[in-house]
file input28.txt (compact mmCIF, C-alpha atoms and all ligand atoms)
# COMPACT_ATOMS: atom_id res chain seq x y z
CA MET C 1 -25.12 -6.52 6.45
CA ARG C 2 -26.60 -3.03 6.07
CA ILE C 3 -29.47 -4.56 4.13
CA ASN C 4 -30.02 -7.22 6.79
CA ASN C 5 -30.20 -4.60 9.55
CA ASN C 6 -32.85 -2.71 7.63
CA THR C 7 -34.87 -5.65 6.54
CA PRO C 8 -36.96 -6.38 9.67
CA LYS C 9 -37.99 -2.72 10.03
CA LEU C 10 -38.93 -2.47 6.41
CA ILE C 11 -41.02 -5.61 6.66
CA ILE C 12 -42.78 -4.31 9.78
CA LEU C 13 -43.29 -0.94 8.10
CA ALA C 14 -44.72 -2.52 4.97
CA ALA C 15 -47.02 -4.73 7.05
CA ALA C 16 -48.17 -1.73 9.11
CA ILE C 17 -48.99 0.28 6.02
CA ALA C 18 -50.75 -2.72 4.46
CA ILE C 19 -53.10 -3.14 7.42
CA GLY C 20 -53.71 0.62 7.64
CA PHE C 21 -52.20 1.37 11.10
CA ILE C 22 -49.79 4.03 9.86
CA ASP C 23 -50.53 7.17 7.91
CA GLY C 24 -48.12 8.88 5.53
CA HIS C 25 -46.62 11.15 8.19
CA MET C 26 -45.74 8.34 10.56
CA SER C 27 -44.31 6.16 7.88
CA ALA C 28 -41.98 9.04 6.88
CA ASN C 29 -40.73 9.23 10.48
CA ALA C 30 -40.20 5.50 10.58
CA GLN C 31 -38.13 5.71 7.43
CA ASP C 32 -35.97 8.48 8.92
CA ASP C 33 -35.31 6.31 11.98
CA SER C 34 -34.27 3.38 9.87
CA GLN C 35 -31.87 5.60 7.93
CA ASP C 36 -30.23 6.82 11.15
CA ASP C 37 -29.78 3.26 12.38
CA SER C 38 -28.27 2.16 9.12
CA ARG C 39 -25.76 5.02 8.83
CA ASP C 40 -22.53 3.16 8.22
CA PRO C 41 -19.43 5.07 9.34
CA ILE C 42 -17.22 2.84 7.19
CA LEU C 43 -19.19 3.64 4.04
CA GLU C 44 -18.96 7.31 4.91
CA LEU C 45 -15.17 7.14 5.35
CA VAL C 46 -14.70 5.16 2.12
CA GLY C 47 -16.62 8.01 0.46
CA ARG C 48 -13.93 10.42 1.64
CA LEU C 49 -11.34 8.66 -0.56
CA GLU C 50 -11.14 10.52 -3.86
CA LEU C 51 -9.28 9.64 -7.02
CA GLU C 52 -8.05 13.19 -7.64
CA SER C 53 -6.73 13.57 -4.10
CA TYR C 54 -4.91 10.21 -4.31
CA LYS C 55 -3.38 11.21 -7.65
CA THR C 56 -2.28 14.58 -6.27
CA VAL C 57 -0.27 12.90 -3.49
CA ILE C 58 1.34 10.51 -6.00
CA GLN C 59 2.30 13.49 -8.16
CA GLY C 60 3.71 15.24 -5.10
CA LEU C 61 6.02 12.27 -4.50
CA ALA C 62 6.97 12.09 -8.20
CA GLN C 63 8.49 15.59 -8.01
CA PHE C 64 11.45 14.01 -6.16
CA GLY C 65 12.25 11.59 -8.99
CA ASP C 66 12.94 8.01 -7.94
CA ARG C 67 13.68 9.07 -4.32
CA ARG C 68 16.56 6.62 -4.25
CA GLN C 69 17.89 6.02 -0.73
CA GLY C 70 21.10 7.81 0.31
CA THR C 71 20.50 10.89 -1.85
CA GLU C 72 19.32 14.47 -1.34
CA ARG C 73 16.15 13.72 -3.33
CA ASN C 74 15.35 10.92 -0.88
CA ARG C 75 15.89 13.16 2.18
CA LEU C 76 13.77 15.94 0.68
CA ALA C 77 10.99 13.44 -0.01
CA VAL C 78 11.04 12.23 3.65
CA ASP C 79 10.79 15.88 4.77
CA TRP C 80 7.89 16.47 2.35
CA ILE C 81 6.02 13.39 3.59
CA GLU C 82 6.45 14.59 7.18
CA GLU C 83 5.04 18.02 6.25
CA GLN C 84 2.02 16.41 4.59
CA LEU C 85 1.33 14.19 7.61
CA ARG C 86 1.52 17.24 9.88
CA ALA C 87 -0.82 19.22 7.63
CA ALA C 88 -3.23 16.27 7.70
CA GLY C 89 -3.34 16.42 11.49
CA CYS C 90 -1.73 13.03 12.06
CA SER C 91 -0.42 12.91 15.63
CA ASN C 92 2.82 11.69 17.22
CA ILE C 93 4.97 12.20 14.12
CA GLU C 94 8.33 10.45 14.67
CA ARG C 95 11.52 9.61 12.80
CA LEU C 96 13.30 6.28 13.09
CA HIS C 97 17.05 6.59 12.49
CA TYR C 98 19.47 3.90 11.32
CA GLU C 99 22.75 3.53 9.42
CA PHE C 100 23.09 2.03 5.97
CA ASN C 101 26.65 1.22 4.96
CA PRO C 102 26.72 -1.56 2.34
CA GLU C 103 29.81 -2.80 0.53
CA PRO C 104 30.23 -1.15 -2.88
CA ARG C 105 28.26 -2.96 -5.59
CA PRO C 106 30.22 -4.52 -8.47
CA PRO C 107 29.60 -2.81 -11.83
CA ARG C 108 26.81 -4.30 -13.92
CA GLN C 109 27.94 -6.59 -16.72
CA ARG C 110 25.22 -5.88 -19.23
CA PRO C 111 23.03 -2.81 -18.74
CA LEU C 112 19.29 -3.41 -19.06
CA GLN C 113 17.68 -1.43 -21.87
CA PRO C 114 14.04 -1.32 -20.85
CA THR C 115 12.99 1.20 -23.49
CA ALA C 116 13.98 -1.28 -26.19
CA PRO C 117 11.39 -3.89 -27.19
CA ILE C 118 11.11 -6.60 -24.54
CA GLU C 119 12.16 -9.95 -25.93
CA LEU C 120 10.58 -13.28 -25.20
CA THR C 121 12.47 -15.78 -23.09
CA THR C 122 11.63 -19.43 -22.66
CA SER C 123 12.11 -21.79 -19.76
CA THR C 124 14.39 -24.21 -21.57
CA GLY C 125 17.09 -23.28 -19.04
CA GLY C 126 14.77 -24.54 -16.32
CA ASN C 127 15.20 -21.50 -14.13
CA VAL C 128 12.09 -19.48 -14.77
CA GLY C 129 9.73 -21.09 -12.29
CA ARG C 130 6.12 -22.01 -12.71
CA ASN C 131 5.24 -19.01 -14.82
CA GLY C 132 7.79 -19.74 -17.51
CA SER C 133 6.73 -20.60 -21.03
CA GLY C 134 7.68 -24.11 -22.09
CA PRO C 135 9.93 -24.96 -25.00
CA GLY C 136 8.35 -23.54 -28.10
CA GLY C 137 6.11 -21.32 -25.95
CA SER C 138 3.56 -24.06 -25.34
CA SER C 139 3.35 -23.93 -21.54
CA ILE C 140 -0.01 -23.45 -19.87
CA TYR C 141 1.67 -20.91 -17.56
CA GLY C 142 2.18 -18.24 -20.20
CA TYR C 143 5.11 -16.13 -21.29
CA ARG C 144 7.70 -14.25 -19.27
CA ALA C 145 9.46 -10.99 -19.96
CA PRO C 146 12.87 -10.16 -18.46
CA THR C 147 13.09 -8.02 -15.30
CA GLY C 148 15.91 -6.10 -13.64
CA VAL C 149 16.88 -2.74 -12.18
CA ASN C 150 17.88 0.00 -14.57
CA ARG C 151 21.00 1.84 -13.34
CA ASP C 152 21.78 3.62 -16.60
CA LEU C 153 20.99 7.34 -16.37
CA MET C 154 20.90 7.68 -20.16
CA ALA C 155 18.18 5.03 -20.45
CA GLN C 156 15.74 7.68 -19.17
CA PRO C 157 14.61 9.59 -22.30
CA ASN C 158 13.04 12.49 -20.37
CA GLU C 159 15.76 15.05 -19.63
CA ARG C 160 14.00 16.60 -16.60
CA ILE C 161 13.56 13.19 -14.93
CA ARG C 162 17.13 12.24 -15.83
CA GLU C 163 18.49 15.36 -14.10
CA LEU C 164 16.34 14.75 -11.01
CA ASN C 165 18.01 11.35 -10.61
CA ARG C 166 21.64 12.23 -11.34
CA GLU C 167 22.99 11.98 -7.78
CA GLU C 168 24.30 8.54 -6.71
CA PRO C 169 23.70 7.23 -3.15
CA MET C 170 26.19 7.75 -0.32
CA ASN C 171 26.56 5.46 2.69
CA GLY C 172 25.60 6.87 6.09
CA PRO C 173 22.68 7.79 8.33
CA ARG C 174 19.10 7.28 7.12
CA SER C 175 15.68 8.12 8.51
CA GLN C 176 12.05 7.28 7.89
CA VAL C 177 8.87 8.86 9.20
CA TYR C 178 5.73 7.53 10.85
CA CYS C 179 2.73 8.97 12.66
CA THR C 180 -0.09 7.47 14.72
CA LYS C 181 -3.82 7.69 15.20
CA VAL C 182 -4.17 7.06 18.94
CA GLY C 183 -7.03 4.72 19.88
CA SER C 184 -9.54 6.03 22.42
CA THR C 185 -10.15 2.85 24.42
CA ARG C 186 -7.21 0.58 23.48
CA PRO C 187 -4.34 3.03 22.79
CA HIS C 188 -1.83 0.32 23.80
CA GLU C 189 -2.60 -1.80 20.70
CA MET C 190 -2.21 -0.96 17.02
CA TYR C 191 -2.29 -1.97 13.40
CA ILE C 192 0.63 -0.79 11.25
CA LEU C 193 -0.08 0.39 7.69
CA GLY C 194 3.09 0.62 5.62
CA ALA C 195 4.52 1.47 2.21
CA HIS C 196 8.04 2.30 1.05
CA MET C 197 8.84 5.83 -0.09
CA ASP C 198 12.19 5.01 -1.74
CA GLY C 199 12.45 3.78 -5.30
CA HIS C 200 15.05 3.34 -8.01
CA GLY C 201 15.47 2.81 -11.74
CA VAL C 202 15.97 6.46 -12.92
CA ASN C 203 12.25 7.27 -13.02
CA GLU C 204 9.58 8.91 -10.82
CA ALA C 205 8.85 5.70 -8.86
CA VAL C 206 5.15 6.32 -9.40
CA ASN C 207 3.96 2.73 -9.16
CA ASP C 208 6.82 1.44 -7.00
CA ASP C 209 5.98 2.84 -4.60
CA ALA C 210 4.45 6.33 -4.66
CA SER C 211 1.19 4.44 -5.27
CA GLY C 212 1.42 2.66 -1.88
CA THR C 213 2.94 5.65 -0.07
CA ALA C 214 0.11 7.94 -1.22
CA LEU C 215 -2.43 5.30 -0.16
CA VAL C 216 -1.04 5.22 3.39
CA MET C 217 -0.80 9.05 3.51
CA GLU C 218 -4.42 9.38 2.37
CA LEU C 219 -5.54 6.94 5.07
CA ALA C 220 -3.50 8.89 7.65
CA ARG C 221 -5.38 12.04 6.58
CA ILE C 222 -8.84 10.44 6.72
CA PHE C 223 -8.34 8.64 10.05
CA SER C 224 -6.84 11.85 11.55
CA SER C 225 -9.95 13.88 10.78
CA PRO C 226 -11.21 15.44 14.07
CA ASP C 227 -14.58 13.69 13.78
CA VAL C 228 -13.10 10.17 13.46
CA GLU C 229 -12.53 7.98 16.52
CA THR C 230 -11.15 4.44 16.77
CA ASP C 231 -10.84 2.10 19.76
CA VAL C 232 -7.44 0.79 18.65
CA SER C 233 -4.40 2.81 17.48
CA ILE C 234 -3.21 2.87 13.87
CA ARG C 235 0.37 3.64 12.80
CA PHE C 236 1.16 4.99 9.34
CA ALA C 237 4.76 4.12 8.36
CA LEU C 238 6.61 5.23 5.23
CA TRP C 239 9.61 2.93 5.06
CA ASN C 240 12.95 3.93 3.52
CA ASN C 241 15.56 1.56 2.03
CA GLU C 242 13.07 -1.05 0.86
CA GLU C 243 14.80 -1.43 -2.48
CA THR C 244 18.17 -2.19 -0.88
CA GLY C 245 16.79 -5.18 1.07
CA LEU C 246 13.97 -4.08 3.42
CA ASN C 247 16.51 -2.24 5.60
CA GLY C 248 14.15 0.46 6.90
CA SER C 249 11.39 -1.90 8.02
CA THR C 250 14.00 -4.32 9.41
CA ALA C 251 15.53 -1.47 11.46
CA TYR C 252 12.05 -0.66 12.80
CA VAL C 253 11.44 -4.24 13.91
CA GLU C 254 14.89 -4.47 15.55
CA GLN C 255 14.63 -1.14 17.37
CA ARG C 256 10.99 -1.25 18.46
CA ARG C 257 9.96 -4.89 18.91
CA GLU C 258 10.90 -4.89 22.62
CA LEU C 259 9.07 -1.61 23.34
CA GLN C 260 5.61 -3.01 22.53
CA GLY C 261 2.82 -2.25 24.99
CA ILE C 262 5.04 -0.35 27.45
CA GLU C 263 3.47 2.75 29.01
CA ASN C 264 6.05 5.52 28.97
CA PRO C 265 6.27 7.70 31.01
CA ALA C 266 4.68 5.45 33.66
CA ASN C 267 0.98 6.21 34.30
CA SER C 268 0.90 8.73 31.44
CA GLY C 269 -1.55 6.74 29.33
CA GLU C 270 0.97 7.01 26.51
CA TYR C 271 2.38 4.03 24.64
CA PRO C 272 5.26 4.96 22.30
CA GLU C 273 5.03 1.49 20.75
CA PRO C 274 1.54 0.03 21.07
CA SER C 275 1.46 -3.80 20.83
CA TRP C 276 1.30 -4.96 17.23
CA LEU C 277 -2.00 -6.50 16.10
CA GLY C 278 -1.19 -6.66 12.40
CA MET C 279 1.09 -5.27 9.71
CA ILE C 280 -0.29 -4.37 6.29
CA GLN C 281 2.11 -3.39 3.49
CA HIS C 282 1.17 -1.62 0.23
CA ASP C 283 3.68 -2.02 -2.59
CA MET C 284 2.92 -1.41 -6.32
CA MET C 285 -0.81 -0.72 -6.52
CA LEU C 286 -1.62 0.43 -10.05
CA TRP C 287 -0.73 -1.99 -12.82
CA ASP C 288 -2.62 -5.21 -13.59
CA HIS C 289 -2.40 -5.42 -17.37
CA GLY C 290 -2.00 -9.19 -17.58
CA ALA C 291 0.84 -11.41 -18.78
CA PRO C 292 3.27 -10.57 -21.57
CA GLY C 293 2.21 -11.90 -24.96
CA ALA C 294 4.25 -14.15 -27.26
CA ASP C 295 6.11 -11.02 -28.45
CA GLY C 296 7.04 -10.16 -24.84
CA GLU C 297 4.83 -7.06 -24.90
CA VAL C 298 2.37 -6.22 -22.13
CA SER C 299 -0.91 -4.45 -22.95
CA ARG C 300 -1.11 -0.71 -22.30
CA ASP C 301 -4.60 -1.15 -20.85
CA GLN C 302 -5.71 -2.28 -17.39
CA ARG C 303 -7.25 -5.71 -17.94
CA PRO C 304 -10.96 -6.08 -17.22
CA GLU C 305 -10.30 -8.79 -14.61
CA ALA C 306 -7.76 -6.64 -12.71
CA ASP C 307 -7.85 -7.18 -8.93
CA VAL C 308 -6.19 -6.29 -5.66
CA ASN C 309 -3.88 -9.14 -4.58
CA ILE C 310 -3.81 -9.70 -0.83
CA GLU C 311 -0.97 -12.02 0.12
CA PHE C 312 0.14 -13.73 3.32
CA GLN C 313 3.15 -16.03 3.71
CA SER C 314 2.34 -19.73 4.15
CA ASN C 315 5.86 -20.37 5.50
CA SER C 316 5.67 -17.83 8.33
CA ASP C 317 5.30 -18.69 12.04
CA LEU C 318 1.95 -16.89 12.14
CA VAL C 319 0.39 -18.30 9.00
CA GLU C 320 -2.99 -18.90 10.65
CA GLU C 321 -3.33 -15.34 11.99
CA SER C 322 -2.01 -13.84 8.77
CA MET C 323 -4.43 -15.83 6.62
CA LYS C 324 -7.33 -14.71 8.83
CA LEU C 325 -6.23 -11.10 8.45
CA ALA C 326 -6.00 -11.54 4.66
CA PHE C 327 -9.56 -12.88 4.49
CA ALA C 328 -10.83 -10.06 6.75
CA PHE C 329 -9.40 -7.71 4.13
CA LYS C 330 -11.04 -9.64 1.31
CA ALA C 331 -14.40 -9.48 3.09
CA ALA C 332 -14.00 -5.70 3.41
CA ALA C 333 -13.12 -5.46 -0.29
CA ASP C 334 -16.20 -7.50 -1.20
CA GLU C 335 -18.36 -5.06 0.71
CA TYR C 336 -16.75 -1.68 -0.02
CA ASN C 337 -14.60 -1.71 -3.19
CA THR C 338 -16.30 0.23 -5.95
CA ASP C 339 -14.57 -1.09 -9.11
CA TYR C 340 -12.16 -3.98 -8.61
CA PRO C 341 -12.41 -7.12 -6.44
CA ALA C 342 -9.69 -8.58 -4.21
CA THR C 343 -8.16 -12.05 -4.14
CA VAL C 344 -6.09 -13.81 -1.47
CA GLY C 345 -2.86 -15.74 -2.07
CA PRO C 346 -0.28 -17.42 0.22
CA HIS C 347 3.01 -16.19 -1.34
CA MET C 348 3.73 -12.80 0.28
CA THR C 349 7.38 -12.01 -0.41
CA ASN C 350 9.97 -9.30 -1.09
CA THR C 351 8.33 -6.42 0.71
CA ASP C 352 8.36 -4.63 4.07
CA SER C 353 5.82 -6.93 5.71
CA THR C 354 8.41 -9.75 5.53
CA PRO C 355 10.48 -8.58 8.56
CA PHE C 356 7.23 -8.56 10.60
CA MET C 357 5.80 -11.91 9.55
CA ASN C 358 7.15 -14.01 12.44
CA GLU C 359 6.21 -11.31 14.99
CA VAL C 360 2.63 -10.43 14.09
CA ALA C 361 -0.05 -11.24 11.49
CA SER C 362 1.31 -9.74 8.27
CA ILE C 363 -0.09 -9.26 4.78
CA SER C 364 0.67 -7.22 1.68
CA LEU C 365 -1.64 -5.61 -0.86
CA ARG C 366 -0.39 -5.39 -4.44
CA GLU C 367 -1.50 -5.10 -8.07
CA ASN C 368 -0.28 -8.65 -8.84
CA GLU C 369 1.15 -11.68 -7.09
CA ARG C 370 4.73 -10.73 -6.31
CA GLY C 371 6.32 -14.07 -7.14
CA ALA C 372 4.27 -15.45 -10.02
CA HIS C 373 3.30 -12.23 -11.82
CA THR C 374 5.67 -9.36 -10.99
CA GLY C 375 8.62 -11.75 -11.08
CA ALA C 376 7.55 -12.99 -14.52
CA GLY C 377 7.64 -9.54 -16.07
CA TRP C 378 3.95 -8.61 -15.98
CA ASN C 379 4.87 -5.01 -15.19
CA PRO C 380 7.33 -3.43 -17.66
CA THR C 381 7.54 -0.28 -15.49
CA TRP C 382 9.02 -2.22 -12.55
CA HIS C 383 12.41 -0.63 -11.71
CA THR C 384 12.69 0.74 -15.26
CA PRO C 385 12.63 4.26 -16.78
CA LEU C 386 8.95 3.61 -17.61
CA ASP C 387 7.79 4.07 -13.99
CA VAL C 388 6.76 7.69 -14.66
CA TRP C 389 3.55 9.68 -14.22
CA THR C 390 2.64 9.72 -17.93
CA MET C 391 2.63 5.91 -18.11
CA PHE C 392 -0.52 5.47 -16.02
CA SER C 393 -4.20 6.06 -16.81
CA ASP C 394 -7.14 6.68 -14.50
CA ASP C 395 -8.00 2.96 -14.80
CA ASP C 396 -4.60 2.27 -13.20
CA PHE C 397 -4.98 4.92 -10.49
CA ARG C 398 -8.45 3.58 -9.72
CA LEU C 399 -7.02 0.13 -8.97
CA GLY C 400 -4.79 1.82 -6.37
CA LEU C 401 -7.80 3.68 -5.00
CA ASN C 402 -9.68 0.38 -4.66
CA ALA C 403 -6.80 -1.03 -2.60
CA ALA C 404 -7.16 2.09 -0.43
CA GLN C 405 -10.87 1.32 -0.05
CA THR C 406 -9.98 -2.23 1.00
CA THR C 407 -7.50 -1.20 3.68
CA LEU C 408 -9.57 1.73 4.93
CA SER C 409 -12.71 -0.37 5.36
CA ALA C 410 -10.93 -3.40 6.85
CA ILE C 411 -8.95 -1.30 9.34
CA ALA C 412 -11.99 0.82 10.20
CA LYS C 413 -13.84 -2.37 11.09
CA LEU C 414 -10.91 -3.91 13.00
CA THR C 415 -10.31 -0.74 15.06
CA GLY C 416 -13.99 -0.05 15.83
CA VAL C 417 -14.33 3.25 13.97
CA ARG C 418 -16.95 5.88 14.87
CA ILE C 419 -17.82 9.23 13.35
CA LYS C 420 -18.66 11.83 15.97
CA ASN C 421 -21.61 14.09 15.23
ZN ZN P 501 8.30 -1.82 -4.07
call {"tool": "encode", "arguments": {"input": "input28.txt", "output": "structure tokens"}}
result
Amino acid sequence: MRINNNTPKLIILAAAIAIGFIDGHMSANAQDDSQDDSRDPILELVGRLELESYKTVIQGLAQFGDRRQGTERNRLAVDWIEEQLRAAGCSNIERLHYEFNPEPRPPRQRPLQPTAPIELTTSTGGNVGRNGSGPGGSSIYGYRAPTGVNRDLMAQPNERIRELNREEPMNGPRSQVYCTKVGSTRPHEMYILGAHMDGHGVNEAVNDDASGTALVMELARIFSSPDVETDVSIRFALWNNEETGLNGSTAYVEQRRELQGIENPANSGEYPEPSWLGMIQHDMMLWDHGAPGADGEVSRDQRPEADVNIEFQSNSDLVEESMKLAFAFKAAADEYNTDYPATVGPHMTNTDSTPFMNEVASISLRENERGAHTGAGWNPTWHTPLDVWTMFSDDDFRLGLNAAQTTLSAIAKLTGVRIKN
């Protein structure tokens, strides 16, 4: 599109030079004009996303271990996120409060030992779905590796990380934080960008989901810059209690659904809950190393064909709107991602966009398809002691950064972004 805008001017300029109407001085001015016209605020904002800055926020979250809900380390992490949002200049910082009081969980029969070699399973039991290997490993769908949540403290070999995660959760009150970029012409409408800050597995919850949390925090920082203006509002939400069953995002939908679009106080121009235009979740952004091999092992390297998976749910009430939103994101990725492309799939599941999907267009961005890939053991760090800082390379972090480029550019376009001079 930038090229198309320039093209007519360049053709006219070339023609003018060819027939001798313009000298060198004038042609230089004409070029300057064309550059001003073609200045793309979205490209400029994408340029403000930096790998080192993204990694620094992930590392900041990792200092609280797995940030498991119902613990001191979780509460400290929520406080830290709030401080960062404030320092970034994000406005209207709020907490949403709810109670989480589940029945006690029965003890695990057979503890998972993720640090041991991962063994191959086959689909002879018929319960492994379409990604299961067939009898004798001959299926076209590839191999699976087992998945599950590690709850064994001693399975974490790093003593410092083990000690960070010693405290067990207690039932009781919970909170999660969000802040908002207020739109200048349509403050009563908003897109919600989300990620969950809680994790589990006796690790540092780097991929699941510091990678998504840091992405949303970085976008909050960039959109809150004093020179950035949008027509529509944007909310940045860092959900809690995702891992226990999407309880934080569900509490948000239950408490705030009815408040949409209401001006409060009356005639104040303020909308505590702008009407929802779309919900975009970011959950596990770094790891696309392909399927397990016949030995059940997954490569340590990011695969060359790694991509950002954008998913919507084909069984939701708003499938049409959600699919359109997903393809708007893909178009933005095609134009602005620097390293990895994006693909669209219809199986969004098991993440905080699910409670929204019958209320508003909802999608999730992820390293892999949640059902077919993550569920088939493509990521050995998922909920295991391997989800730690040292497990990931810059190729991995760059995949997360590309997802940030996708969301930043798509949302910038959808909210009518401008950069003030
Ligand atoms: Zn997650």
call {"tool": "closest_residue", "arguments": {"input": "input28.txt", "among": "C:Ala342, C:Ile419, C:Val232, C:Val206", "to": "ligand ZN 501 (chain P)", "atoms": "only C-alpha atoms and all ligand atoms"}}
result
C:Val206
call {"tool": "atom_distance", "arguments": {"input": "input28.txt", "atom1": "CA of Leu325 (chain C)", "atom2": "CA of Ser91 (chain C)"}}
result
25.7 Å
call {"tool": "closest_atom_pairs", "arguments": {"input": "input28.txt", "of": "chain C", "to": "ligand ZN 501 (chain P)", "cutoff": "9 Å", "atoms": "only C-alpha atoms and all ligand atoms", "output": "tab-separated table"}}
result
residue	atom	partner	partner_atom	distance
C:Ala195	CA	P:ZN501	ZN	8.0
C:His196	CA	P:ZN501	ZN	6.6
C:Met197	CA	P:ZN501	ZN	8.6
C:Asp198	CA	P:ZN501	ZN	8.2
C:Gly199	CA	P:ZN501	ZN	7.1
C:Ala205	CA	P:ZN501	ZN	8.9
C:Asn207	CA	P:ZN501	ZN	8.1
C:Asp208	CA	P:ZN501	ZN	4.6
C:Asp209	CA	P:ZN501	ZN	5.2
C:Gly212	CA	P:ZN501	ZN	8.5
C:Glu242	CA	P:ZN501	ZN	6.9
C:Glu243	CA	P:ZN501	ZN	6.7
C:His282	CA	P:ZN501	ZN	8.3
C:Asp283	CA	P:ZN501	ZN	4.9
C:Met284	CA	P:ZN501	ZN	5.8
C:Asn350	CA	P:ZN501	ZN	8.2
C:Thr351	CA	P:ZN501	ZN	6.6
C:Asp352	CA	P:ZN501	ZN	8.6
C:Trp382	CA	P:ZN501	ZN	8.5
C:His383	CA	P:ZN501	ZN	8.8
call {"tool": "atom_distance", "arguments": {"input": "input28.txt", "atom1": "CA of Arg75 (chain C)", "atom2": "CA of Gly148 (chain C)"}}
result
24.9 Å
call {"tool": "closest_residue", "arguments": {"input": "input28.txt", "among": "C:Lys330, C:His200, C:Arg144, C:His97", "to": "Asp295 (chain C)", "atoms": "all atoms listed in the file"}}
result
C:Arg144
call {"tool": "closest_residue", "arguments": {"input": "input28.txt", "among": "C:Gln302, C:Asn241, C:Gln255, C:Asn158", "to": "Asp387 (chain C)", "atoms": "all atoms listed in the file"}}
result
C:Asn158
call {"tool": "closest_residue", "arguments": {"input": "input28.txt", "among": "C:Tyr143, C:Trp80, C:Phe100, C:Phe223", "to": "Val417 (chain C)", "atoms": "only C-alpha atoms"}}
result
C:Phe223
call {"tool": "axis_aligned_box", "arguments": {"input": "input28.txt", "around": "region 155-168 of chain C", "padding_each_side": "6 Å", "output": "lines of an AutoDock Vina configuration file"}}
result
center_x = 18.7
center_y = 10.8
center_z = -14.5
size_x = 23.3
size_y = 23.6
size_z = 27.6
call {"tool": "residues_around", "arguments": {"input": "input28.txt", "residues": "Leu49 (chain C)", "least_positions_apart": "6", "cutoff": "8 Å", "atoms": "only C-alpha atoms", "output": "ChimeraX atom specification"}}
result
/C:218,222,401,404-405
call {"tool": "atom_distance", "arguments": {"input": "input28.txt", "atom1": "CA of Leu153 (chain C)", "atom2": "CA of Met391 (chain C)"}}
result
18.5 Å
call {"tool": "residues_around", "arguments": {"input": "input28.txt", "residues": "Ile310 (chain C)", "least_positions_apart": "4", "cutoff": "10 Å", "atoms": "all atoms listed in the file", "output": "list in words"}}
result
Ile280, Gln281, His282, Met323, Leu325, Ala326, Phe327, Phe329, Lys330, Ala342, Thr343, Val344, Gly345, Pro346, His347, Met348, Ile363, Ser364, Leu365, Arg366, Glu367, Asn368, Glu369, Ala403 and Thr406 of chain C
call {"tool": "closest_residue", "arguments": {"input": "input28.txt", "among": "C:Asn358, C:Ala87, C:Asp79, C:His188", "to": "Ser314 (chain C)", "atoms": "all atoms listed in the file"}}
result
C:Asn358
call {"tool": "residues_around", "arguments": {"input": "input28.txt", "residues": "region 407-414 of chain C", "least_positions_apart": "3", "cutoff": "8 Å", "atoms": "all atoms listed in the file", "output": "list in words"}}
result
Ile42, Leu43, Leu45, Val46, Tyr191, Leu219, Thr230, Ala328, Phe329, Ala331, Ala332, Ala333, Tyr336, Ala403, Ala404 and Val417 of chain C
call {"tool": "closest_residue", "arguments": {"input": "input28.txt", "among": "C:Val78, C:Leu164, C:Cys90, C:Met190", "to": "Phe64 (chain C)", "atoms": "only C-alpha atoms"}}
result
C:Leu164
call {"tool": "residues_around", "arguments": {"input": "input28.txt", "residues": "Arg162 (chain C)", "least_positions_apart": "3", "cutoff": "10 Å", "atoms": "all atoms listed in the file", "output": "list in words"}}
result
Gly65, Asp66, Asp152, Leu153, Met154, Ala155, Gln156, Pro157, Asn158, Glu159, Asn165, Arg166, Glu167, Val202, Asn203, Glu204 and Pro385 of chain C
call {"tool": "write_last_selection", "arguments": {"input": "input28.txt", "atoms": "C-alpha atoms", "output": "PDB file, in the coordinates of the input"}}
result
ATOM      1  CA  GLY C  65      12.250  11.590  -8.990  1.00  0.00           C
ATOM      2  CA  ASP C  66      12.940   8.010  -7.940  1.00  0.00           C
ATOM      3  CA  ASP C 152      21.780   3.620 -16.600  1.00  0.00           C
ATOM      4  CA  LEU C 153      20.990   7.340 -16.370  1.00  0.00           C
ATOM      5  CA  MET C 154      20.900   7.680 -20.160  1.00  0.00           C
ATOM      6  CA  ALA C 155      18.180   5.030 -20.450  1.00  0.00           C
ATOM      7  CA  GLN C 156      15.740   7.680 -19.170  1.00  0.00           C
ATOM      8  CA  PRO C 157      14.610   9.590 -22.300  1.00  0.00           C
ATOM      9  CA  ASN C 158      13.040  12.490 -20.370  1.00  0.00           C
ATOM     10  CA  GLU C 159      15.760  15.050 -19.630  1.00  0.00           C
ATOM     11  CA  ASN C 165      18.010  11.350 -10.610  1.00  0.00           C
ATOM     12  CA  ARG C 166      21.640  12.230 -11.340  1.00  0.00           C
ATOM     13  CA  GLU C 167      22.990  11.980  -7.780  1.00  0.00           C
ATOM     14  CA  VAL C 202      15.970   6.460 -12.920  1.00  0.00           C
ATOM     15  CA  ASN C 203      12.250   7.270 -13.020  1.00  0.00           C
ATOM     16  CA  GLU C 204       9.580   8.910 -10.820  1.00  0.00           C
ATOM     17  CA  PRO C 385      12.630   4.260 -16.780  1.00  0.00           C
TER      18      PRO C 385
END
call {"tool": "residues_around", "arguments": {"input": "input28.txt", "residues": "Pro355 (chain C)", "least_positions_apart": "3", "cutoff": "10 Å", "atoms": "all atoms listed in the file", "output": "ChimeraX atom specification"}}
result
/C:246-254,350-352,358-360,362
call {"tool": "residues_near_point", "arguments": {"input": "input28.txt", "point": "(-3.6, 7.4, 14.2)", "cutoff": "6 Å", "atoms": "only C-alpha atoms", "output": "ChimeraX atom specification"}}
result
/C:180-182,233-235
